[in-house]
file data04.cif (mmCIF, C-alpha atoms)
data_data
loop_
_atom_site.label_atom_id
_atom_site.label_comp_id
_atom_site.auth_asym_id
_atom_site.auth_seq_id
_atom_site.Cartn_x
_atom_site.Cartn_y
_atom_site.Cartn_z
CA MET A 470 -102.78 -38.31 -20.65
CA LEU A 471 -100.68 -35.33 -19.54
CA GLU A 472 -101.04 -36.40 -15.91
CA LYS A 473 -99.85 -39.93 -16.77
CA GLN A 474 -96.78 -38.53 -18.56
CA LYS A 475 -95.94 -36.38 -15.55
CA ARG A 476 -96.27 -39.37 -13.21
CA SER A 477 -94.16 -41.52 -15.53
CA LYS A 478 -91.45 -38.85 -15.71
CA LYS A 479 -91.48 -38.45 -11.93
CA SER A 480 -91.17 -42.23 -11.51
CA VAL A 481 -88.12 -42.32 -13.81
CA ILE A 482 -86.50 -39.45 -11.87
CA ASN A 483 -87.14 -41.26 -8.57
CA GLN A 484 -85.69 -44.50 -9.95
CA ASN A 485 -82.55 -42.69 -11.14
CA SER A 486 -82.19 -40.97 -7.78
CA ASN A 487 -82.67 -44.24 -5.88
CA TRP A 488 -80.11 -45.99 -8.10
CA ARG A 489 -77.51 -43.30 -7.44
CA ILE A 490 -78.10 -43.46 -3.69
CA SER A 491 -77.89 -47.27 -3.70
CA ALA A 492 -74.71 -47.27 -5.81
CA GLY A 493 -73.17 -44.59 -3.59
CA PHE A 494 -73.73 -46.59 -0.43
CA GLY A 495 -72.66 -49.77 -2.24
CA PHE A 496 -69.36 -48.19 -3.25
CA ILE A 497 -68.69 -47.06 0.33
CA PHE A 498 -69.51 -50.52 1.71
CA VAL A 499 -67.23 -52.21 -0.85
CA ILE A 500 -64.35 -49.93 0.18
CA ILE A 501 -65.01 -50.74 3.85
CA GLY A 502 -65.04 -54.47 3.05
CA LEU A 503 -61.78 -54.30 1.10
CA ALA A 504 -60.20 -52.29 3.94
CA PHE A 505 -61.26 -55.05 6.35
CA ASP A 506 -59.74 -57.66 4.02
CA ILE A 507 -56.36 -55.92 3.80
CA PHE A 508 -56.34 -55.01 7.50
CA ILE A 509 -57.06 -58.60 8.61
CA GLN A 510 -54.27 -59.96 6.41
CA THR A 511 -51.80 -57.35 7.69
CA ALA A 512 -52.81 -57.87 11.33
CA GLY A 513 -52.54 -61.64 10.90
CA LEU A 514 -48.99 -61.43 9.58
CA LEU A 515 -48.02 -59.03 12.38
CA ALA A 516 -49.59 -61.39 14.93
CA LEU A 517 -47.36 -64.16 13.56
CA LYS A 518 -44.13 -62.16 13.38
CA THR A 519 -44.35 -59.89 16.46
CA PRO A 520 -44.33 -62.56 19.22
CA ALA A 521 -41.49 -64.33 17.43
CA LYS A 522 -39.38 -61.15 17.38
CA LEU A 523 -40.22 -60.06 20.93
CA LEU A 524 -39.62 -63.49 22.48
CA HIS A 525 -36.78 -64.49 20.12
CA ILE A 526 -38.57 -67.65 19.04
CA LYS A 527 -39.29 -69.09 15.61
CA GLU A 528 -42.40 -68.02 13.70
CA ASN A 529 -43.23 -71.69 13.22
CA SER A 530 -43.49 -72.35 16.97
CA TRP A 531 -46.89 -72.75 18.64
CA LEU A 532 -47.22 -69.31 20.32
CA PRO A 533 -46.90 -67.12 17.19
CA ILE A 534 -49.20 -69.49 15.28
CA LEU A 535 -51.80 -69.45 18.07
CA THR A 536 -51.62 -65.64 18.19
CA LEU A 537 -52.12 -65.52 14.43
CA VAL A 538 -55.19 -67.77 14.56
CA ILE A 539 -56.83 -65.85 17.43
CA VAL A 540 -56.19 -62.36 15.98
CA PHE A 541 -57.20 -63.41 12.46
CA LEU A 542 -60.45 -65.11 13.49
CA VAL A 543 -61.53 -62.41 15.96
CA LEU A 544 -61.06 -59.67 13.36
CA LEU A 545 -62.77 -61.76 10.69
CA VAL A 546 -65.83 -62.38 12.89
CA ILE A 547 -66.13 -58.63 13.50
CA ALA A 548 -65.75 -57.85 9.79
CA VAL A 549 -68.29 -60.50 8.74
CA GLN A 550 -70.86 -59.22 11.24
CA ILE A 551 -70.48 -55.64 9.98
CA MET A 552 -70.61 -56.64 6.30
CA LEU A 553 -73.68 -58.79 6.97
CA LYS A 554 -75.46 -55.74 8.38
CA PHE A 555 -74.67 -53.84 5.17
CA VAL A 556 -75.88 -56.71 2.96
CA ARG A 557 -79.11 -57.15 4.94
CA ILE A 558 -80.14 -53.56 4.26
CA LYS A 559 -80.84 -54.69 0.69
CA ALA A 560 -81.24 -58.44 1.23
CA PRO A 561 -82.83 -58.91 4.69
CA LYS A 562 -83.06 -62.71 4.38
CA THR A 563 -79.27 -63.13 4.10
CA ARG A 564 -78.31 -65.78 6.68
CA LEU A 565 -77.50 -69.49 6.86
CA HIS A 566 -80.39 -71.52 5.46
CA GLN A 567 -80.98 -75.26 5.46
CA LEU A 568 -79.16 -76.77 2.49
CA VAL A 569 -81.35 -77.77 -0.46
CA GLY A 570 -80.21 -80.47 -2.87
CA SER A 571 -81.10 -78.58 -6.06
CA LYS A 572 -79.14 -75.57 -4.82
CA VAL A 573 -76.17 -77.63 -3.59
CA ALA A 574 -75.98 -78.93 -7.16
CA TRP A 575 -75.10 -75.37 -8.21
CA VAL A 576 -72.01 -75.56 -5.98
CA PHE A 577 -70.69 -78.47 -8.06
CA LYS A 578 -71.86 -76.91 -11.33
CA GLY A 579 -70.09 -73.70 -10.36
CA TYR A 580 -66.85 -75.48 -9.48
CA GLY A 581 -67.00 -77.46 -12.73
CA LEU A 582 -67.47 -74.25 -14.71
CA ILE A 583 -64.52 -72.60 -12.91
CA ILE A 584 -62.27 -75.53 -13.85
CA ALA A 585 -63.60 -75.58 -17.43
CA GLY A 586 -63.05 -71.83 -17.75
CA SER A 587 -59.48 -72.17 -16.45
CA ILE A 588 -58.72 -74.94 -18.96
CA VAL A 589 -60.13 -73.00 -21.92
CA LEU A 590 -58.25 -69.85 -20.88
CA ALA A 591 -55.00 -71.83 -20.48
CA MET A 592 -55.46 -73.23 -24.00
CA LEU A 593 -56.05 -69.73 -25.40
CA GLN A 594 -53.03 -68.34 -23.55
CA THR A 595 -50.83 -71.17 -24.85
CA ALA A 596 -52.06 -70.60 -28.40
CA MET A 597 -51.46 -66.85 -28.20
CA THR A 598 -48.23 -66.66 -26.17
CA GLN A 599 -46.77 -70.22 -26.35
CA HIS A 600 -46.67 -70.43 -22.54
CA ILE A 601 -48.91 -70.21 -19.47
CA GLU A 602 -48.12 -67.28 -17.21
CA THR A 603 -48.74 -67.83 -13.49
CA ALA A 604 -50.55 -64.92 -11.83
CA ASP A 605 -48.34 -62.82 -9.51
CA ASN A 606 -50.96 -63.39 -6.83
CA GLN A 607 -50.49 -67.16 -7.13
CA VAL A 608 -46.69 -66.86 -7.25
CA ALA A 609 -46.77 -64.95 -3.95
CA LEU A 610 -48.93 -67.67 -2.37
CA ASN A 611 -46.62 -70.42 -3.65
CA GLN A 612 -43.57 -68.64 -2.21
CA MET A 613 -45.26 -68.14 1.16
CA ALA A 614 -46.18 -71.82 1.31
CA THR A 615 -42.47 -72.70 1.39
CA GLN A 616 -41.81 -70.58 4.50
CA GLY A 617 -42.93 -73.07 7.12
CA LEU A 618 -45.93 -74.01 9.24
CA GLY A 619 -46.81 -70.47 10.37
CA ALA A 620 -47.03 -69.20 6.79
CA ARG A 621 -49.09 -72.23 5.77
CA VAL A 622 -51.57 -71.68 8.60
CA PHE A 623 -51.89 -68.07 7.44
CA LEU A 624 -52.56 -69.24 3.87
CA ILE A 625 -55.23 -71.68 5.07
CA LEU A 626 -56.95 -68.93 7.04
CA LEU A 627 -56.69 -66.56 4.08
CA ALA A 628 -57.82 -68.87 1.28
CA ILE A 629 -60.23 -71.25 3.01
CA VAL A 630 -61.78 -69.04 5.71
CA LEU A 631 -61.46 -65.33 4.85
CA ALA A 632 -61.90 -65.49 1.07
CA PRO A 633 -65.13 -67.55 0.96
CA LEU A 634 -66.72 -65.47 3.74
CA LEU A 635 -65.55 -61.88 3.38
CA GLU A 636 -64.96 -61.76 -0.38
CA GLU A 637 -68.38 -63.25 -1.06
CA LEU A 638 -70.06 -60.71 1.21
CA ILE A 639 -68.23 -57.92 -0.64
CA PHE A 640 -68.44 -58.99 -4.28
CA ARG A 641 -71.71 -60.93 -4.22
CA GLY A 642 -73.53 -59.60 -1.15
CA ILE A 643 -72.78 -55.90 -1.60
CA VAL A 644 -72.07 -55.52 -5.31
CA MET A 645 -75.00 -57.62 -6.53
CA ASN A 646 -77.54 -56.08 -4.17
CA TYR A 647 -76.49 -52.43 -4.44
CA PHE A 648 -75.60 -52.18 -8.14
CA PHE A 649 -78.23 -52.79 -10.84
CA LYS A 650 -80.13 -55.32 -8.71
CA ASP A 651 -83.38 -54.55 -10.55
CA SER A 652 -81.81 -54.08 -13.97
CA GLY A 653 -83.79 -55.42 -16.90
CA TRP A 654 -80.73 -57.37 -18.08
CA TRP A 655 -80.02 -60.42 -15.88
CA TRP A 656 -76.26 -60.31 -16.46
CA THR A 657 -75.61 -56.66 -15.52
CA ASN A 658 -74.64 -57.04 -11.86
CA VAL A 659 -73.21 -60.51 -12.53
CA LEU A 660 -70.62 -59.01 -14.87
CA ILE A 661 -69.92 -56.07 -12.54
CA SER A 662 -69.40 -58.49 -9.64
CA GLY A 663 -67.07 -60.70 -11.68
CA VAL A 664 -64.95 -57.90 -13.13
CA ALA A 665 -64.62 -56.19 -9.72
CA PHE A 666 -63.57 -59.53 -8.20
CA GLY A 667 -61.03 -60.07 -10.98
CA TYR A 668 -59.54 -56.60 -10.67
CA PHE A 669 -59.19 -56.92 -6.88
CA HIS A 670 -57.03 -60.03 -7.33
CA VAL A 671 -54.56 -58.37 -9.71
CA ALA A 672 -54.66 -54.74 -8.56
CA LEU A 673 -51.99 -55.06 -5.87
CA GLN A 674 -49.45 -56.68 -8.22
CA SER A 675 -48.41 -55.89 -11.77
CA PHE A 676 -51.53 -56.05 -13.95
CA GLN A 677 -51.72 -59.29 -15.97
CA TRP A 678 -54.51 -59.60 -18.52
CA PHE A 679 -54.86 -63.37 -18.45
CA ALA A 680 -54.85 -63.44 -14.64
CA PHE A 681 -57.48 -60.68 -14.63
CA ILE A 682 -59.65 -62.63 -17.07
CA GLN A 683 -59.25 -65.87 -15.09
CA TYR A 684 -60.25 -64.28 -11.78
CA SER A 685 -63.08 -62.39 -13.51
CA ILE A 686 -64.45 -65.65 -14.94
CA MET A 687 -64.35 -67.16 -11.47
CA GLY A 688 -66.13 -64.09 -10.06
CA ILE A 689 -68.81 -64.25 -12.76
CA ILE A 690 -69.45 -67.94 -12.06
CA LEU A 691 -69.71 -67.30 -8.31
CA ALA A 692 -72.16 -64.48 -9.09
CA VAL A 693 -74.24 -66.85 -11.23
CA VAL A 694 -74.34 -69.38 -8.38
CA TYR A 695 -75.54 -66.65 -6.00
CA LYS A 696 -78.15 -65.34 -8.43
CA LYS A 697 -79.47 -68.81 -9.31
CA THR A 698 -79.76 -69.95 -5.68
CA HIS A 699 -80.69 -66.57 -4.12
CA GLN A 700 -78.61 -67.54 -1.08
CA ILE A 701 -75.02 -66.41 -0.57
CA GLN A 702 -74.06 -69.57 1.33
CA TYR A 703 -73.88 -71.47 -1.97
CA SER A 704 -71.43 -69.07 -3.62
CA MET A 705 -69.45 -69.24 -0.36
CA LEU A 706 -69.41 -73.05 -0.58
CA THR A 707 -68.30 -72.91 -4.23
CA HIS A 708 -65.51 -70.47 -3.34
CA PHE A 709 -64.54 -72.68 -0.39
CA MET A 710 -64.43 -75.81 -2.56
CA ASN A 711 -62.29 -74.14 -5.22
CA ASN A 712 -59.78 -72.71 -2.74
CA THR A 713 -59.60 -75.85 -0.59
CA ILE A 714 -58.79 -78.08 -3.55
CA ALA A 715 -56.25 -75.50 -4.80
CA MET A 716 -54.59 -75.43 -1.36
CA ILE A 717 -54.42 -79.24 -1.21
CA ILE A 718 -52.78 -79.35 -4.64
CA MET A 719 -50.32 -76.58 -3.71
CA PHE A 720 -49.29 -78.18 -0.40
CA SER A 721 -49.03 -81.63 -2.02
CA SER A 722 -46.54 -80.27 -4.54
CA LEU A 723 -44.26 -79.21 -1.65
CA VAL A 724 -44.03 -82.68 -0.12
#
call {"tool": "encode", "arguments": {"input": "data04.cif", "output": "structure tokens"}}
result
Amino acid sequence: MLEKQKRSKKSVINQNSNWRISAGFGFIFVIIGLAFDIFIQTAGLLALKTPAKLLHIKENSWLPILTLVIVFLVLLVIAVQIMLKFVRIKAPKTRLHQLVGSKVAWVFKGYGLIIAGSIVLAMLQTAMTQHIETADNQVALNQMATQGLGARVFLILLAIVLAPLLEELIFRGIVMNYFFKDSGWWWTNVLISGVAFGYFHVALQSFQWFAFIQYSIMGIILAVVYKKTHQIQYSMLTHFMNNTIAMIIMFSSLV
């Protein structure tokens, strides 16, 4: 009996130690991923503006836009490859798999839940404040969309390419595999993933509670899609669908 207690105590100590090590590496990898995200955005904007200034041409001409696309995509490919290596330490089977109908259904369920969550939150915000406040993050995107073709190409790369790939690798791939992956409560890393995702989208502007909640709900739903399908490509597809439709609506309003 005494020997069993000793072994049990040793097992608990080992589990606690392993969790701390996993969380420590996870935190470092998240920081690296976020640094990649910010760096790619900054480099992309510089790639658009620098040729225009040096050659005294408009940012909306073909050369600055081509430079933007090349720089953005090259850096993104490098970042994705590095983040994939980090994710595969904990989830070795992370790659593109053949699409399965029952799992594709979660893409549409996820998108439907994101829309439903946004509607409910808008109703609550209206009831509590008598108006719907647009997130600073969204205001910045709307303003950029009015600045011409170059800015719109940047937004497309940001929202439809970078976000579904890099953000999913960070907030689903890293967070959900390095933090509480084997927790007894199914929702633990789902909530952590969602809240971290929400905070990231409001941290660089003035903090807005309703915007934070909205992005957190989206992050939680994307985490559920990942956890239900066990393949990150489906949360990426859900993220892609949400952002693509949002971009179409935003650009349509400018016509």
call {"tool": "resolve_selection", "arguments": {"input": "data04.cif", "expression": "the PyMOL selection byres ((chain A and resi 580) around 12)", "output": "PyMOL selection string"}}
result
chain A and resi 573-579+581-587+686-691+693-694+703-715
call {"tool": "closest_atom_pairs", "arguments": {"input": "data04.cif", "of": "region 562-649 of chain A", "to": "region 657-675 of chain A", "cutoff": "10 Å", "atoms": "all atoms listed in the file", "output": "tab-separated table"}}
result
residue	atom	partner	partner_atom	distance
A:Ala604	CA	A:Val671	CA	8.0
A:Asp605	CA	A:Gln674	CA	6.4
A:Asn606	CA	A:Val671	CA	6.8
A:Gln607	CA	A:His670	CA	9.7
A:Ala609	CA	A:Gln674	CA	9.7
A:Glu636	CA	A:Phe666	CA	8.2
A:Glu637	CA	A:Phe666	CA	9.4
A:Ile639	CA	A:Phe666	CA	9.0
A:Phe640	CA	A:Ser662	CA	5.5
A:Arg641	CA	A:Ser662	CA	6.4
A:Gly642	CA	A:Ser662	CA	9.5
A:Ile643	CA	A:Ser662	CA	9.1
A:Val644	CA	A:Ser662	CA	5.9
A:Met645	CA	A:Asn658	CA	5.4
A:Asn646	CA	A:Asn658	CA	8.3
A:Tyr647	CA	A:Asn658	CA	8.9
A:Phe648	CA	A:Asn658	CA	6.2
A:Phe649	CA	A:Asn658	CA	5.7
call {"tool": "resolve_selection", "arguments": {"input": "data04.cif", "expression": "the PyMOL selection byres ((chain A and resi 514) around 10)", "output": "PyMOL selection string"}}
result
chain A and resi 508-513+515-519+533-534+536-537+540-541+619-620+623
call {"tool": "resolve_selection", "arguments": {"input": "data04.cif", "expression": "the PyMOL selection byres ((chain A and resi 564) around 12)", "output": "PDB file with C-alpha atoms, in the coordinates of the input"}}
result
ATOM      1  CA  VAL A 549     -68.290 -60.500   8.740  1.00  0.00           C
ATOM      2  CA  GLN A 550     -70.860 -59.220  11.240  1.00  0.00           C
ATOM      3  CA  MET A 552     -70.610 -56.640   6.300  1.00  0.00           C
ATOM      4  CA  LEU A 553     -73.680 -58.790   6.970  1.00  0.00           C
ATOM      5  CA  LYS A 554     -75.460 -55.740   8.380  1.00  0.00           C
ATOM      6  CA  VAL A 556     -75.880 -56.710   2.960  1.00  0.00           C
ATOM      7  CA  ARG A 557     -79.110 -57.150   4.940  1.00  0.00           C
ATOM      8  CA  ALA A 560     -81.240 -58.440   1.230  1.00  0.00           C
ATOM      9  CA  PRO A 561     -82.830 -58.910   4.690  1.00  0.00           C
ATOM     10  CA  LYS A 562     -83.060 -62.710   4.380  1.00  0.00           C
ATOM     11  CA  THR A 563     -79.270 -63.130   4.100  1.00  0.00           C
ATOM     12  CA  LEU A 565     -77.500 -69.490   6.860  1.00  0.00           C
ATOM     13  CA  HIS A 566     -80.390 -71.520   5.460  1.00  0.00           C
ATOM     14  CA  GLN A 567     -80.980 -75.260   5.460  1.00  0.00           C
ATOM     15  CA  LEU A 568     -79.160 -76.770   2.490  1.00  0.00           C
ATOM     16  CA  LEU A 634     -66.720 -65.470   3.740  1.00  0.00           C
ATOM     17  CA  LEU A 638     -70.060 -60.710   1.210  1.00  0.00           C
ATOM     18  CA  GLY A 642     -73.530 -59.600  -1.150  1.00  0.00           C
ATOM     19  CA  HIS A 699     -80.690 -66.570  -4.120  1.00  0.00           C
ATOM     20  CA  GLN A 700     -78.610 -67.540  -1.080  1.00  0.00           C
ATOM     21  CA  ILE A 701     -75.020 -66.410  -0.570  1.00  0.00           C
ATOM     22  CA  GLN A 702     -74.060 -69.570   1.330  1.00  0.00           C
ATOM     23  CA  TYR A 703     -73.880 -71.470  -1.970  1.00  0.00           C
ATOM     24  CA  MET A 705     -69.450 -69.240  -0.360  1.00  0.00           C
TER      25      MET A 705
END
call {"tool": "axis_aligned_box", "arguments": {"input": "data04.cif", "around": "region 538-549 of chain A", "padding_each_side": "3 Å", "output": "JSON"}}
result
{"center_x": -61.7, "center_y": -62.8, "center_z": 13.1, "size_x": 19.1, "size_y": 15.9, "size_z": 14.7}
call {"tool": "closest_residue", "arguments": {"input": "data04.cif", "among": "A:Val622, A:Ile558, A:Leu631, A:Met716", "to": "Phe494 (chain A)", "atoms": "only C-alpha atoms"}}
result
A:Ile558
call {"tool": "closest_residue", "arguments": {"input": "data04.cif", "among": "A:Leu624, A:Val569, A:Ala632, A:Val589", "to": "Gly502 (chain A)", "atoms": "all atoms listed in the file"}}
result
A:Ala632
call {"tool": "decode", "arguments": {"input": "data04.cif", "residues": "region 676-689 of chain A", "atoms": "N, CA and C atoms", "output": "PDB file, in the first residue's frame"}}
result
ATOM      1  N   PHE A 676      -9.042  48.773 -25.460  1.00  0.00           N
ATOM      2  CA  PHE A 676      -9.775  47.554 -25.094  1.00  0.00           C
ATOM      3  C   PHE A 676     -11.274  47.822 -25.095  1.00  0.00           C
ATOM      4  N   GLN A 677     -12.016  46.975 -25.831  1.00  0.00           N
ATOM      5  CA  GLN A 677     -13.473  47.078 -25.898  1.00  0.00           C
ATOM      6  C   GLN A 677     -14.056  45.734 -25.474  1.00  0.00           C
ATOM      7  N   TRP A 678     -14.885  45.749 -24.442  1.00  0.00           N
ATOM      8  CA  TRP A 678     -15.389  44.501 -23.883  1.00  0.00           C
ATOM      9  C   TRP A 678     -16.218  43.703 -24.878  1.00  0.00           C
ATOM     10  N   PHE A 679     -17.123  44.364 -25.582  1.00  0.00           N
ATOM     11  CA  PHE A 679     -17.985  43.623 -26.503  1.00  0.00           C
ATOM     12  C   PHE A 679     -17.190  43.061 -27.681  1.00  0.00           C
ATOM     13  N   ALA A 680     -16.197  43.811 -28.146  1.00  0.00           N
ATOM     14  CA  ALA A 680     -15.336  43.305 -29.224  1.00  0.00           C
ATOM     15  C   ALA A 680     -14.538  42.101 -28.731  1.00  0.00           C
ATOM     16  N   PHE A 681     -14.029  42.205 -27.496  1.00  0.00           N
ATOM     17  CA  PHE A 681     -13.280  41.098 -26.897  1.00  0.00           C
ATOM     18  C   PHE A 681     -14.151  39.846 -26.797  1.00  0.00           C
ATOM     19  N   ILE A 682     -15.386  40.024 -26.340  1.00  0.00           N
ATOM     20  CA  ILE A 682     -16.303  38.884 -26.204  1.00  0.00           C
ATOM     21  C   ILE A 682     -16.623  38.286 -27.572  1.00  0.00           C
ATOM     22  N   GLN A 683     -16.864  39.158 -28.565  1.00  0.00           N
ATOM     23  CA  GLN A 683     -17.198  38.671 -29.906  1.00  0.00           C
ATOM     24  C   GLN A 683     -16.061  37.845 -30.504  1.00  0.00           C
ATOM     25  N   TYR A 684     -14.844  38.362 -30.425  1.00  0.00           N
ATOM     26  CA  TYR A 684     -13.701  37.619 -30.966  1.00  0.00           C
ATOM     27  C   TYR A 684     -13.428  36.354 -30.149  1.00  0.00           C
ATOM     28  N   SER A 685     -13.676  36.420 -28.842  1.00  0.00           N
ATOM     29  CA  SER A 685     -13.479  35.237 -27.996  1.00  0.00           C
ATOM     30  C   SER A 685     -14.478  34.143 -28.356  1.00  0.00           C
ATOM     31  N   ILE A 686     -15.721  34.533 -28.610  1.00  0.00           N
ATOM     32  CA  ILE A 686     -16.736  33.558 -29.036  1.00  0.00           C
ATOM     33  C   ILE A 686     -16.308  32.893 -30.338  1.00  0.00           C
ATOM     34  N   MET A 687     -15.837  33.695 -31.277  1.00  0.00           N
ATOM     35  CA  MET A 687     -15.350  33.147 -32.545  1.00  0.00           C
ATOM     36  C   MET A 687     -14.196  32.174 -32.298  1.00  0.00           C
ATOM     37  N   GLY A 688     -13.255  32.568 -31.430  1.00  0.00           N
ATOM     38  CA  GLY A 688     -12.119  31.706 -31.118  1.00  0.00           C
ATOM     39  C   GLY A 688     -12.545  30.400 -30.470  1.00  0.00           C
ATOM     40  N   ILE A 689     -13.527  30.466 -29.575  1.00  0.00           N
ATOM     41  CA  ILE A 689     -14.039  29.264 -28.912  1.00  0.00           C
ATOM     42  C   ILE A 689     -14.678  28.325 -29.933  1.00  0.00           C
TER      43      ILE A 689
END
